[in-house]
>>> print(open('query32.txt').read())   # compact mmCIF, C-alpha atoms and all ligand atoms
# COMPACT_ATOMS: atom_id res chain seq x y z
CA MET M 1 22.69 15.53 69.53
CA SER M 2 23.58 17.31 66.32
CA ASP M 3 24.54 20.98 66.29
CA VAL M 4 23.45 21.31 62.66
CA HIS M 5 20.87 19.43 60.58
CA ILE M 6 21.75 18.37 57.06
CA CYS M 7 19.07 17.34 54.59
CA GLU M 8 20.41 15.23 51.72
CA VAL M 9 18.71 16.41 48.54
CA GLY M 10 20.67 14.30 46.05
CA PRO M 11 17.81 11.86 45.32
CA ARG M 12 15.66 14.88 44.34
CA ASP M 13 17.68 17.94 43.29
CA GLY M 14 20.59 15.77 42.14
CA LEU M 15 18.83 13.04 40.20
CA GLN M 16 16.26 15.45 38.78
CA ASN M 17 19.10 17.28 37.01
CA ALA M 18 21.33 14.29 36.29
CA ARG M 19 21.87 13.01 32.76
CA HIS M 20 21.45 9.37 33.74
CA LEU M 21 18.41 7.73 35.27
CA MET M 22 18.90 5.77 38.47
CA ALA M 23 16.91 2.55 38.76
CA THR M 24 14.30 2.49 41.53
CA GLU M 25 16.01 -0.36 43.42
CA ALA M 26 19.36 1.47 43.29
CA LYS M 27 17.69 4.61 44.66
CA LYS M 28 16.33 2.61 47.56
CA ALA M 29 19.73 1.10 48.39
CA TRP M 30 21.37 4.53 48.18
CA ILE M 31 18.76 6.17 50.42
CA ALA M 32 19.13 3.35 52.96
CA ALA M 33 22.92 3.82 52.95
CA LEU M 34 22.54 7.60 53.42
CA ALA M 35 20.27 7.02 56.40
CA ALA M 36 22.74 4.45 57.79
CA ALA M 37 25.46 7.13 57.60
CA GLY M 38 23.39 9.28 59.96
CA LEU M 39 21.37 11.51 57.65
CA GLU M 40 18.11 12.06 59.48
CA GLU M 41 16.39 13.98 56.72
CA ILE M 42 16.40 13.11 53.01
CA GLU M 43 14.51 14.79 50.18
CA VAL M 44 13.74 11.66 48.24
CA GLY M 45 11.87 12.98 45.21
CA SER M 46 9.36 15.40 43.79
CA PHE M 47 5.73 15.01 42.83
CA VAL M 48 5.90 16.59 39.41
CA PRO M 49 4.25 15.22 36.25
CA PRO M 50 6.27 12.10 35.29
CA LYS M 51 6.10 13.10 31.63
CA LEU M 52 7.95 16.32 32.50
CA ILE M 53 10.65 14.72 34.66
CA PRO M 54 10.94 10.94 34.12
CA ALA M 55 13.64 10.68 36.83
CA MET M 56 10.98 11.47 39.44
CA ALA M 57 8.30 9.07 38.14
CA ASP M 58 8.92 6.58 40.99
CA THR M 59 8.71 9.14 43.82
CA GLY M 60 5.57 7.55 45.32
CA GLU M 61 7.28 4.17 45.63
CA ILE M 62 10.47 5.78 46.96
CA VAL M 63 8.56 7.72 49.65
CA ALA M 64 6.75 4.54 50.72
CA PHE M 65 10.11 2.75 51.00
CA ALA M 66 11.91 5.57 52.84
CA ARG M 67 9.07 5.86 55.39
CA MET M 68 9.98 2.41 56.66
CA ILE M 69 13.50 3.50 57.64
CA PRO M 70 13.37 4.15 61.40
CA GLY M 71 14.06 7.74 62.47
CA LEU M 72 14.23 9.15 58.94
CA LYS M 73 12.30 12.30 58.05
CA VAL M 74 11.13 11.79 54.47
CA VAL M 75 10.86 15.00 52.46
CA ALA M 76 9.23 15.43 49.06
CA LEU M 77 8.94 18.45 46.83
CA ALA M 78 5.58 19.54 45.44
CA PRO M 79 5.04 22.39 42.98
CA ASN M 80 1.27 22.63 43.37
CA LEU M 81 -1.91 21.29 44.98
CA LYS M 82 -1.91 18.12 42.90
CA GLY M 83 1.68 17.35 43.87
CA PHE M 84 0.83 18.04 47.52
CA GLN M 85 -2.08 15.60 47.44
CA ARG M 86 0.18 12.94 45.93
CA ALA M 87 2.83 13.63 48.61
CA LEU M 88 0.22 13.26 51.38
CA GLY M 89 -1.09 10.06 49.81
CA ALA M 90 2.40 8.57 49.65
CA GLY M 91 3.08 9.45 53.28
CA ALA M 92 5.83 12.10 53.11
CA HIS M 93 6.71 13.56 56.53
CA LYS M 94 7.53 16.98 55.11
CA VAL M 95 6.58 18.70 51.86
CA THR M 96 8.65 21.51 50.38
CA PHE M 97 7.11 24.05 48.03
CA PRO M 98 9.46 26.09 45.89
CA VAL M 99 8.30 29.69 45.47
CA SER M 100 10.48 31.69 43.13
CA ALA M 101 11.31 35.24 44.19
CA SER M 102 12.18 36.01 40.58
CA ARG M 103 9.09 36.99 38.64
CA ALA M 104 10.63 35.87 35.33
CA HIS M 105 11.66 32.46 36.73
CA SER M 106 8.29 31.88 38.40
CA GLU M 107 6.30 32.70 35.30
CA SER M 108 8.39 30.48 33.03
CA ASN M 109 8.72 27.62 35.55
CA VAL M 110 5.24 27.26 37.04
CA ARG M 111 3.32 29.73 34.86
CA MET M 112 2.34 31.65 37.98
CA THR M 113 3.48 34.93 39.47
CA PRO M 114 5.22 34.63 42.86
CA GLU M 115 2.03 35.97 44.49
CA GLN M 116 -0.12 33.31 42.76
CA MET M 117 2.34 30.64 43.87
CA VAL M 118 2.13 31.85 47.49
CA GLU M 119 -1.67 31.49 47.19
CA GLU M 120 -1.25 27.95 45.83
CA VAL M 121 0.84 27.03 48.90
CA ARG M 122 -1.73 28.68 51.18
CA LYS M 123 -4.48 26.54 49.60
CA CYS M 124 -2.41 23.42 50.36
CA ALA M 125 -1.66 24.51 53.93
CA LEU M 126 -5.41 24.94 54.55
CA LEU M 127 -6.06 21.27 53.68
CA PRO M 128 -5.89 18.82 56.59
CA HIS M 129 -2.36 17.43 56.78
CA PRO M 130 -1.98 15.90 60.23
CA GLY M 131 1.63 15.49 61.30
CA VAL M 132 3.01 16.66 57.95
CA GLU M 133 5.37 19.64 57.97
CA ILE M 134 5.09 22.27 55.25
CA GLU M 135 8.15 24.21 54.16
CA GLY M 136 8.11 27.20 51.84
CA ALA M 137 11.42 27.52 50.02
CA VAL M 138 12.09 30.90 48.47
CA SER M 139 13.98 29.93 45.34
CA THR M 140 16.19 32.18 43.19
CA ALA M 141 16.51 34.24 46.39
CA PHE M 142 20.03 35.37 45.53
CA GLY M 143 19.73 35.94 41.80
CA CYS M 144 18.22 34.48 38.66
CA THR M 145 19.57 33.39 35.28
CA MET M 146 16.58 35.03 33.56
CA GLN M 147 16.01 38.18 35.57
CA GLY M 148 19.51 38.76 36.95
CA GLN M 149 19.21 40.59 40.25
CA VAL M 150 16.38 39.69 42.58
CA PRO M 151 15.47 42.59 44.92
CA GLU M 152 16.02 41.64 48.57
CA ASP M 153 12.73 43.28 49.49
CA ASP M 154 10.94 40.79 47.20
CA VAL M 155 12.58 37.90 49.06
CA VAL M 156 11.64 39.33 52.47
CA ARG M 157 8.04 39.91 51.34
CA ILE M 158 7.59 36.36 49.97
CA ALA M 159 9.26 34.81 53.03
CA ALA M 160 6.94 36.80 55.31
CA ALA M 161 3.86 35.71 53.32
CA LEU M 162 4.93 32.04 53.48
CA ALA M 163 5.70 32.27 57.21
CA GLU M 164 2.01 33.00 57.86
CA PHE M 165 1.02 29.40 57.10
CA CYS M 166 4.20 27.34 56.61
CA ASP M 167 5.96 25.53 59.46
CA ALA M 168 9.35 26.59 58.13
CA VAL M 169 10.83 28.84 55.47
CA ALA M 170 14.08 28.30 53.56
CA LEU M 171 16.15 30.48 51.25
CA ALA M 172 17.53 28.81 48.15
CA ASP M 173 20.28 29.90 45.79
CA THR M 174 18.78 27.86 42.98
CA VAL M 175 21.28 28.89 40.29
CA GLY M 176 24.47 29.47 42.29
CA TYR M 177 24.59 33.27 42.26
CA ALA M 178 25.07 33.91 45.99
CA ASN M 179 28.17 35.20 47.72
CA PRO M 180 28.91 34.99 51.46
CA ALA M 181 28.34 38.69 52.23
CA GLN M 182 24.95 38.57 50.50
CA VAL M 183 24.07 35.34 52.34
CA LYS M 184 24.76 36.90 55.74
CA ARG M 185 22.84 40.05 54.84
CA LEU M 186 19.76 38.33 53.43
CA PHE M 187 19.42 35.68 56.15
CA THR M 188 19.75 38.41 58.78
CA LYS M 189 17.08 40.54 57.04
CA VAL M 190 14.63 37.66 56.64
CA ARG M 191 15.17 36.52 60.22
CA ALA M 192 14.37 40.05 61.41
CA ALA M 193 11.06 39.72 59.53
CA ILE M 194 9.97 36.16 60.41
CA GLY M 195 12.15 35.04 63.35
CA ALA M 196 12.70 31.34 64.02
CA LYS M 197 10.46 30.25 61.12
CA LEU M 198 13.47 30.91 58.92
CA GLU M 199 15.25 27.56 58.94
CA GLY M 200 16.91 26.17 55.85
CA ALA M 201 19.71 27.22 53.52
CA HIS M 202 19.97 25.64 50.07
CA PHE M 203 23.08 26.44 48.04
CA HIS M 204 24.41 25.40 44.68
CA ASP M 205 28.13 25.22 44.00
CA THR M 206 27.96 26.56 40.45
CA ARG M 207 30.77 29.09 41.03
CA GLY M 208 32.59 27.23 43.77
CA LEU M 209 31.07 29.32 46.58
CA GLY M 210 28.65 26.71 47.93
CA ILE M 211 30.69 25.80 51.00
CA ALA M 212 31.66 29.44 51.68
CA ASN M 213 27.98 30.39 51.50
CA ALA M 214 27.08 27.56 53.88
CA LEU M 215 29.66 28.81 56.38
CA ALA M 216 28.35 32.38 56.03
CA ALA M 217 24.83 31.13 56.71
CA TYR M 218 26.07 29.17 59.73
CA GLU M 219 27.72 32.32 61.08
CA ALA M 220 24.41 34.13 60.51
CA GLY M 221 22.72 31.58 62.79
CA VAL M 222 21.40 29.04 60.25
CA ARG M 223 21.39 25.43 61.51
CA HIS M 224 19.53 23.60 58.69
CA PHE M 225 21.33 22.94 55.42
CA ASP M 226 20.50 21.15 52.18
CA SER M 227 23.32 19.45 50.30
CA SER M 228 23.76 16.66 47.79
CA MET M 229 26.16 13.77 47.74
CA GLY M 230 28.89 14.24 45.16
CA GLY M 231 27.42 17.63 44.26
CA LEU M 232 25.12 15.62 42.03
CA GLY M 233 23.05 17.46 39.47
CA GLY M 234 25.51 19.52 37.47
CA CYS M 235 24.09 21.45 34.58
CA PRO M 236 24.89 19.63 31.31
CA PHE M 237 25.33 23.00 29.58
CA ALA M 238 27.96 24.27 32.01
CA PRO M 239 30.81 21.74 32.22
CA GLY M 240 32.45 21.63 35.64
CA ALA M 241 29.53 23.41 37.24
CA SER M 242 28.40 21.10 39.96
CA GLY M 243 24.97 20.96 41.52
CA ASN M 244 24.27 21.45 45.21
CA VAL M 245 26.86 22.10 47.84
CA ILE M 246 28.60 18.75 48.36
CA THR M 247 27.39 16.76 51.36
CA GLU M 248 30.74 15.07 52.01
CA ASP M 249 32.64 18.39 52.11
CA LEU M 250 29.91 20.12 54.15
CA VAL M 251 29.97 17.33 56.76
CA PHE M 252 33.78 17.43 56.83
CA MET M 253 33.79 21.22 57.28
CA PHE M 254 31.40 21.11 60.22
CA GLU M 255 32.89 18.05 61.91
CA SER M 256 36.45 19.41 61.65
CA MET M 257 35.20 22.69 63.18
CA GLY M 258 33.81 20.72 66.13
CA VAL M 259 30.20 21.22 64.97
CA ALA M 260 28.39 17.87 65.24
CA THR M 261 26.33 16.74 62.23
CA GLY M 262 25.42 13.27 63.51
CA ILE M 263 26.84 11.90 60.23
CA ASP M 264 29.64 9.33 60.00
CA LEU M 265 32.04 10.22 57.17
CA GLU M 266 33.33 6.68 56.55
CA ARG M 267 29.75 5.44 56.16
CA LEU M 268 28.99 8.43 53.97
CA PHE M 269 31.80 7.34 51.64
CA LYS M 270 30.16 3.90 51.44
CA ALA M 271 26.92 5.53 50.33
CA ARG M 272 28.94 7.48 47.75
CA ALA M 273 30.30 4.20 46.36
CA LEU M 274 26.71 3.01 45.88
CA LEU M 275 25.86 6.24 44.05
CA SER M 276 28.81 6.05 41.66
CA GLY M 277 28.16 2.33 41.13
CA ALA M 278 24.52 2.98 40.20
CA ILE M 279 25.19 5.77 37.68
CA PRO M 280 28.88 5.33 36.79
CA ASP M 281 28.85 7.78 33.87
CA GLU M 282 27.46 10.65 35.92
CA PRO M 283 30.14 13.09 37.08
CA ILE M 284 30.31 13.41 40.84
CA TYR M 285 32.47 15.79 42.83
CA GLY M 286 33.89 16.14 46.31
CA HIS M 287 37.26 17.20 47.68
CA THR M 288 37.07 15.26 50.95
CA PRO M 289 36.26 11.84 49.45
CA GLN M 290 39.02 12.29 46.87
CA ALA M 291 41.70 13.39 49.33
CA GLY M 292 40.53 11.17 52.20
CA LEU M 293 40.30 12.25 55.82
CA PRO M 294 43.38 13.99 57.20
CA LYS M 295 45.69 12.01 59.48
CA GLY M 296 44.53 12.29 63.06
CA PHE M 297 41.07 13.59 62.03
CA ARG M 298 38.62 13.64 64.89
CA ALA M 299 34.92 14.06 64.33
CA ALA M 300 32.99 16.49 66.53
CA ALA M 301 31.88 14.96 69.82
ZN ZN S 401 18.48 23.30 44.21
>>> encode(input="query32.txt", output="structure tokens")
Amino acid sequence: MSDVHICEVGPRDGLQNARHLMATEAKKAWIAALAAAGLEEIEVGSFVPPKLIPAMADTGEIVAFARMIPGLKVVALAPNLKGFQRALGAGAHKVTFPVSASRAHSESNVRMTPEQMVEEVRKCALLPHPGVEIEGAVSTAFGCTMQGQVPEDDVVRIAAALAEFCDAVALADTVGYANPAQVKRLFTKVRAAIGAKLEGAHFHDTRGLGIANALAAYEAGVRHFDSSMGGLGGCPFAPGASGNVITEDLVFMFESMGVATGIDLERLFKARALLSGAIPDEPIYGHTPQAGLPKGFRAAA
């Protein structure tokens, strides 16, 4: 049994922001290797218009493939009703809806206010979706590149609205603004409002605080984390700024603390080799894979 649950979001959050396209067959091999390393949940793509994000054009095929991997929970992102219908049609086990807490970000990204976006998710949740989990992810929950500060009360209000009809709610630091004190405070506040429906934490490592924020969330009681292999998905306009918190380092942190992830690090490094082989010019990060495991390292029991 795992003490924490890690969802690999590299095939979605990583590849969506990567400079290089990964071929469909390479994606499949990488996802299979991630699952073989013990990842039980993988966000494999997003159902956005292919013209907008060509890297996600094969998401339907990828979902259909990933569904055949025994024991794997296949997650897809959907920004609206149309995306949700495509996700259901493809057979995703879980669909994540991003709802921006920043008014400026929401209006520029989905041309909807946060309240309108909550209503869009409600519309989807009211459709029959037998066996499919719905997650509402409050994005830009810790700050926004357009708006700057995002009031914590706005985050609590949106999380509470989503909790009415979503199976789970997550808080996402979409642009890497969070710090550990803020993470503890906001997760504690939102949990006080919605209880156990608050599940996931999604951090970006833009300012090097991804792993510190993940630890702060863990100490605040969070047990579900998103991360991406190699910190894939760095912003091309901010050199050295990596994408999500790095899966390899997150797994190493937990395992060395005695917190079981269910993930085998040596097999994870094999999946990493597939990733760097498939898109060799894409920068990937990770302290643990570069340094190797320490002598005498013992994974959590
Ligand atoms: Zn993200």
>>> residues_near_point(input="query32.txt", point="(24.5, 26.0, 46.8)", cutoff="12 Å", atoms="all atoms listed in the file", output="ChimeraX atom specification")
/M:9,13-14,139-142,171-180,183,200-217,225-228,231-234,241-247,250
>>> closest_residue(input="query32.txt", among="M:Val132, M:Ala87, M:Cys7, M:Ala92", to="ligand ZN 401 (chain S)", atoms="all atoms listed in the file")
M:Cys7
>>> residues_around(input="query32.txt", residues="region 94-102 of chain M", least_positions_apart="2", cutoff="8 Å", atoms="all atoms listed in the file", output="PyMOL selection string")
chain M and resi 73-80+84+87+92+104-106+114+117-118+121+132-141+143-144+147+150+154-155+158
>>> closest_residue(input="query32.txt", among="M:Leu15, M:Ala300, M:Met68, M:Leu293", to="ligand ZN 401 (chain S)", atoms="all atoms listed in the file")
M:Leu15
>>> residues_near_point(input="query32.txt", point="(26.4, 17.6, 65.4)", cutoff="7 Å", atoms="all atoms listed in the file", output="PyMOL selection string")
chain M and resi 1-4+259-262+300
>>> atom_distance(input="query32.txt", atom1="CA of Leu72 (chain M)", atom2="CA of Glu266 (chain M)")
19.4 Å
>>> residues_around(input="query32.txt", residues="His287 (chain M)", least_positions_apart="2", cutoff="9 Å", atoms="all atoms listed in the file", output="list in words")
Ile246, Glu248, Asp249, Tyr285, Pro289, Gln290, Ala291 and Gly292 of chain M
>>> build_atoms(input="query32.txt", residues="region 221-233 of chain M", atoms="N, CA, C and O atoms", output="PDB file, in the coordinates of the input")
ATOM      1  N   GLY M 221      23.654  32.246  61.885  1.00  0.00           N
ATOM      2  CA  GLY M 221      22.720  31.580  62.790  1.00  0.00           C
ATOM      3  C   GLY M 221      21.918  30.444  62.183  1.00  0.00           C
ATOM      4  O   GLY M 221      21.089  29.834  62.852  1.00  0.00           O
ATOM      5  N   VAL M 222      22.149  30.126  60.899  1.00  0.00           N
ATOM      6  CA  VAL M 222      21.400  29.040  60.250  1.00  0.00           C
ATOM      7  C   VAL M 222      21.909  27.693  60.758  1.00  0.00           C
ATOM      8  O   VAL M 222      23.116  27.501  60.919  1.00  0.00           O
ATOM      9  N   ARG M 223      20.989  26.756  61.019  1.00  0.00           N
ATOM     10  CA  ARG M 223      21.390  25.430  61.510  1.00  0.00           C
ATOM     11  C   ARG M 223      20.811  24.298  60.652  1.00  0.00           C
ATOM     12  O   ARG M 223      21.002  23.130  60.963  1.00  0.00           O
ATOM     13  N   HIS M 224      20.087  24.619  59.593  1.00  0.00           N
ATOM     14  CA  HIS M 224      19.530  23.600  58.690  1.00  0.00           C
ATOM     15  C   HIS M 224      20.070  23.831  57.277  1.00  0.00           C
ATOM     16  O   HIS M 224      19.892  24.924  56.720  1.00  0.00           O
ATOM     17  N   PHE M 225      20.696  22.803  56.736  1.00  0.00           N
ATOM     18  CA  PHE M 225      21.330  22.940  55.420  1.00  0.00           C
ATOM     19  C   PHE M 225      20.889  21.812  54.492  1.00  0.00           C
ATOM     20  O   PHE M 225      20.783  20.669  54.916  1.00  0.00           O
ATOM     21  N   ASP M 226      20.678  22.161  53.225  1.00  0.00           N
ATOM     22  CA  ASP M 226      20.500  21.150  52.180  1.00  0.00           C
ATOM     23  C   ASP M 226      21.860  20.934  51.512  1.00  0.00           C
ATOM     24  O   ASP M 226      22.633  21.886  51.354  1.00  0.00           O
ATOM     25  N   SER M 227      22.109  19.709  51.080  1.00  0.00           N
ATOM     26  CA  SER M 227      23.320  19.450  50.300  1.00  0.00           C
ATOM     27  C   SER M 227      23.088  18.162  49.527  1.00  0.00           C
ATOM     28  O   SER M 227      22.148  17.423  49.822  1.00  0.00           O
ATOM     29  N   SER M 228      23.941  17.913  48.520  1.00  0.00           N
ATOM     30  CA  SER M 228      23.760  16.660  47.790  1.00  0.00           C
ATOM     31  C   SER M 228      25.081  15.913  47.668  1.00  0.00           C
ATOM     32  O   SER M 228      26.142  16.510  47.480  1.00  0.00           O
ATOM     33  N   MET M 229      24.979  14.623  47.813  1.00  0.00           N
ATOM     34  CA  MET M 229      26.160  13.770  47.740  1.00  0.00           C
ATOM     35  C   MET M 229      26.828  13.933  46.378  1.00  0.00           C
ATOM     36  O   MET M 229      26.172  13.900  45.328  1.00  0.00           O
ATOM     37  N   GLY M 230      28.146  14.121  46.411  1.00  0.00           N
ATOM     38  CA  GLY M 230      28.890  14.240  45.160  1.00  0.00           C
ATOM     39  C   GLY M 230      28.554  15.495  44.377  1.00  0.00           C
ATOM     40  O   GLY M 230      28.935  15.613  43.215  1.00  0.00           O
ATOM     41  N   GLY M 231      27.830  16.432  45.002  1.00  0.00           N
ATOM     42  CA  GLY M 231      27.420  17.630  44.260  1.00  0.00           C
ATOM     43  C   GLY M 231      26.610  17.271  43.027  1.00  0.00           C
ATOM     44  O   GLY M 231      26.625  17.966  42.013  1.00  0.00           O
ATOM     45  N   LEU M 232      25.880  16.181  43.151  1.00  0.00           N
ATOM     46  CA  LEU M 232      25.120  15.620  42.030  1.00  0.00           C
ATOM     47  C   LEU M 232      24.179  16.660  41.415  1.00  0.00           C
ATOM     48  O   LEU M 232      23.614  17.484  42.117  1.00  0.00           O
ATOM     49  N   GLY M 233      24.035  16.600  40.117  1.00  0.00           N
ATOM     50  CA  GLY M 233      23.050  17.460  39.470  1.00  0.00           C
ATOM     51  C   GLY M 233      23.662  18.614  38.697  1.00  0.00           C
ATOM     52  O   GLY M 233      23.044  19.647  38.554  1.00  0.00           O
TER      53      GLY M 233
END
